[in-house]
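Heads up: the structure comes next, in structure tokens.
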Amino acid sequence: MKLSIGGYSFNKTVLAGKMDIFGYLETVKYRYRLDTVDLWNGTFTERREGLWAPPEESYLRLIREALDEKEMTVVNYAVDGAHLWDPDPDKREALARNARAHLRAAELLGARTVRIDTGTDGTMEMGEEQFDYTVRLYREYAERADGHGYRVGPENHMGPSLVPASMKRIAEAVEHPGYGILLHLDRWKQDAAIGDRLVAPWVCHTHFDGRTSAPGAAEPLVRMLLDAGYDGYWGIEYNAEGNQYAEVEWALASVRSALSRVYGEINGASRPLQ
């Protein structure tokens with residue numbers, strides 16, 4: 001099955017000093033027995049002046065060596081501190097430089113999808129200047145991504161990206177095969193009942209949280225995306241308050257079970273998929 005565990009799922013463990021990026025790789029590979037990596041840059045970067053710049057290339061190459069040794073694939077690289085829009089033009093330029101540096105990091109790490117969010121001025125509204133700027137930068141990033149074999153785009157994470165109609169409008173305007181959406185399932189501030197379905201044609205990666213991983217919640221989301229032609233990975237991003245190793249194990253098992261049931265129905269099979 002195409003499963004992954006987002007690095008943010010262990011944020012509290014990282015903050016407690018109990019895990020670093022290499023511990024995360026070991027955990028995913030040997031505790032949960034996955035060959036996929038769903039990186040979050042907060043696991044291995046430091047925040048400076050609101051930006052999380054990637055580490056030196058030598059450190060990135062150490063991470064790449066660890067990935068190669070474990071035969072692991074980076075199915076997603078979620079980047080914070082490099083979003084597109086800020087009301088301050090100087091801050092926008094700094095964010096764009098940081099985003100390009102993270103795209104370079106993604107290429108060194110072999111990422112298949114990259115999440116760089118829209119940004120915000122503190123509201124979910126998006127004026128024409130912001131819209132035009134957002135489309136222009138996403139098209140630039142998508143052209144670069146397509147040339148290196150990955151896809152890049154936002155997550156329904158902040159500001160206008162929490163409005164499905166805005167996400168659809170951006171995707172239609174960018175109109176590039178290198179563009180895609182990381183869908184945090186059922187996480188919208190407007191039109192929540194139709195949000196996932198509205199953006200489904202552009203989804204290139206997914207995240208289930210503790211609520212959407214639960215039995216009965218995951219199955220209809222999986223069916224909807226499969227009906228829309230989705231063929232990507234099913235990611236867990238669940239930063240539980242405590243017992244993070246056990247909670248992630250539960251969420252992973254729950255989503256795996258949901259996928260088995262749905263694919264079993266589709267294939268007419270009575271046994272769970274392996």
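Letters A, B, ... go to the chains of the structure tokens in the order shown; residues in each chain start at 1; ligands are counted from 1 in the same order.
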
Q: Would you list, as a PyMOL selection string, the residues of range 24-270 of chain A that end up in strand (DSSP E) under DSSP run on this structure's backbone?
A: chain A and resi 36-40+47-48+51-52+73-79+113-116+151-153+181-184+203-208+234-236

Q | Spatial neighbours of range 166-175 of chain A, max dist 9 Å, only C-alpha atoms, sep filter under 3 positions, as a list in words | A |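 Listed by chain and then number, they are Glu125, Met126, Phe131, Thr134, Val135, Arg136, Tyr138, Arg139, Ala142, Gly153, Pro154, Glu155, Asn156, Pro160, Ser161, Leu162, Val163, Gly178, Tyr179, Gly180, Ile181, Leu198, Val199 and Trp202 of chain A.
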
Emit the selected residues as an mmCIF file, in the first residue's frame, including N, CA and C atoms.
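Written out: result.cif:
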data_model
loop_
_atom_site.group_PDB
_atom_site.id
_atom_site.type_symbol
_atom_site.label_atom_id
_atom_site.label_comp_id
_atom_site.auth_asym_id
_atom_site.auth_seq_id
_atom_site.Cartn_x
_atom_site.Cartn_y
_atom_site.Cartn_z
ATOM 1 N N GLU A 125 -9.163 36.136 2.628
ATOM 2 C CA GLU A 125 -9.443 36.841 1.388
ATOM 3 C C GLU A 125 -8.183 36.892 0.527
ATOM 4 N N MET A 126 -8.374 37.007 -0.774
ATOM 5 C CA MET A 126 -7.244 37.062 -1.692
ATOM 6 C C MET A 126 -7.551 38.095 -2.768
ATOM 7 N N PHE A 131 -3.475 37.271 -5.850
ATOM 8 C CA PHE A 131 -3.797 36.160 -6.744
ATOM 9 C C PHE A 131 -2.812 36.096 -7.909
ATOM 10 N N THR A 134 0.597 34.988 -6.707
ATOM 11 C CA THR A 134 0.560 33.580 -6.325
ATOM 12 C C THR A 134 0.610 32.680 -7.553
ATOM 13 N N VAL A 135 -0.185 32.993 -8.552
ATOM 14 C CA VAL A 135 -0.209 32.192 -9.781
ATOM 15 C C VAL A 135 1.145 32.257 -10.481
ATOM 16 N N ARG A 136 1.736 33.436 -10.549
ATOM 17 C CA ARG A 136 3.027 33.587 -11.243
ATOM 18 C C ARG A 136 4.111 32.755 -10.570
ATOM 19 N N TYR A 138 3.724 30.134 -8.435
ATOM 20 C CA TYR A 138 3.446 28.702 -8.528
ATOM 21 C C TYR A 138 3.765 28.172 -9.925
ATOM 22 N N ARG A 139 3.515 28.975 -10.948
ATOM 23 C CA ARG A 139 3.853 28.519 -12.295
ATOM 24 C C ARG A 139 5.366 28.405 -12.456
ATOM 25 N N ALA A 142 6.321 25.325 -10.532
ATOM 26 C CA ALA A 142 5.831 24.127 -11.211
ATOM 27 C C ALA A 142 6.688 23.794 -12.430
ATOM 28 N N GLY A 153 3.092 22.577 -4.859
ATOM 29 C CA GLY A 153 1.894 23.388 -4.681
ATOM 30 C C GLY A 153 1.533 23.509 -3.222
ATOM 31 N N PRO A 154 0.373 24.085 -2.939
ATOM 32 C CA PRO A 154 -0.020 24.380 -1.559
ATOM 33 C C PRO A 154 -0.710 23.213 -0.867
ATOM 34 N N GLU A 155 -0.928 23.411 0.418
ATOM 35 C CA GLU A 155 -1.781 22.561 1.245
ATOM 36 C C GLU A 155 -2.876 23.450 1.800
ATOM 37 N N ASN A 156 -4.052 22.893 2.059
ATOM 38 C CA ASN A 156 -5.101 23.674 2.721
ATOM 39 C C ASN A 156 -4.695 23.868 4.185
ATOM 40 N N PRO A 160 -5.911 31.913 2.365
ATOM 41 C CA PRO A 160 -6.832 31.551 1.275
ATOM 42 C C PRO A 160 -6.784 30.089 0.889
ATOM 43 N N SER A 161 -5.724 29.373 1.265
ATOM 44 C CA SER A 161 -5.686 27.948 0.920
ATOM 45 C C SER A 161 -6.686 27.143 1.736
ATOM 46 N N LEU A 162 -7.297 27.756 2.741
ATOM 47 C CA LEU A 162 -8.351 27.092 3.512
ATOM 48 C C LEU A 162 -9.728 27.267 2.873
ATOM 49 N N VAL A 163 -9.753 27.923 1.726
ATOM 50 C CA VAL A 163 -10.999 28.142 0.984
ATOM 51 C C VAL A 163 -10.932 27.327 -0.307
ATOM 52 N N GLY A 178 3.325 20.317 -13.460
ATOM 53 C CA GLY A 178 4.201 20.290 -12.302
ATOM 54 C C GLY A 178 3.554 20.823 -11.046
ATOM 55 N N TYR A 179 2.295 21.222 -11.137
ATOM 56 C CA TYR A 179 1.562 21.778 -9.996
ATOM 57 C C TYR A 179 0.655 20.719 -9.387
ATOM 58 N N GLY A 180 0.551 20.721 -8.062
ATOM 59 C CA GLY A 180 -0.359 19.802 -7.384
ATOM 60 C C GLY A 180 -0.680 20.300 -5.998
ATOM 61 N N ILE A 181 -1.702 19.723 -5.409
ATOM 62 C CA ILE A 181 -2.177 20.125 -4.080
ATOM 63 C C ILE A 181 -1.945 19.006 -3.082
ATOM 64 N N LEU A 198 -13.887 19.319 -4.478
ATOM 65 C CA LEU A 198 -13.656 20.420 -5.406
ATOM 66 C C LEU A 198 -12.206 20.455 -5.890
ATOM 67 N N VAL A 199 -11.262 20.122 -5.003
ATOM 68 C CA VAL A 199 -9.839 20.192 -5.386
ATOM 69 C C VAL A 199 -9.270 18.842 -5.802
ATOM 70 N N TRP A 202 -6.598 17.938 -8.624
ATOM 71 C CA TRP A 202 -5.220 18.422 -8.561
ATOM 72 C C TRP A 202 -4.422 17.804 -7.405
#

**Q.** For Tyr238 in chain A: contacts at 6 Å, only C-alpha atoms, fewer than 2 positions along chain excluded, given as an MDAnalysis selection string
**A.** chainID A and resid 9 209:210 240

Q: With a distance cut-off of 8 Å and only C-alpha atoms, select the neighbouring residues of range 249-255 of chain A, excluding the residue or stretch itself and same-chain residues fewer than 5 positions from it, and output the selection as a PyMOL selection string.
A: chain A and resi 5+32+209-210+213-215+218+236+238

Q.
Could you check the closest approach to Ile266 in chain A for each of A:Asp186, A:Glu93, A:Asp227, A:Asp35 and tell me which residue wins, using only C-alpha atoms?
A.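 Checking each of A:Asp186, A:Glu93, A:Asp227, A:Asp35 against Ile266 in chain A, counting only C-alpha atoms, the winner is A:Asp227.
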
Q.
For range 101-108 of chain A, find every residue with an atom within 7 Å (counting only C-alpha atoms), except residues of its own chain fewer than 4 positions away, and show them as a list in words.
A. Pro54, Tyr77 and Arg97 of chain A

**Q.** Separation of CA of Asp132 in chain A from CA of Ala228 in chain A in Å
**A.**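 Separating CA of Ala228 in chain A from CA of Asp132 in chain A is a distance of 27.7 Å.
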
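For the set A:Gly42, A:Gly242, A:Gly235, A:Gly147, the residue with the smallest atom-to-atom gap to Val222 in chain A is A:Gly235, counting only C-alpha atoms.
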
Q.
Show me, as a ChimeraX atom specification, the residues that have an atom within 12 Å of Val28 in chain A when counting only C-alpha atoms, minus same-chain residues fewer than 3 positions from it.
A. /A:3-7,9-10,19,21-25,31-39,67,70,72-74,236,245,248-249,252
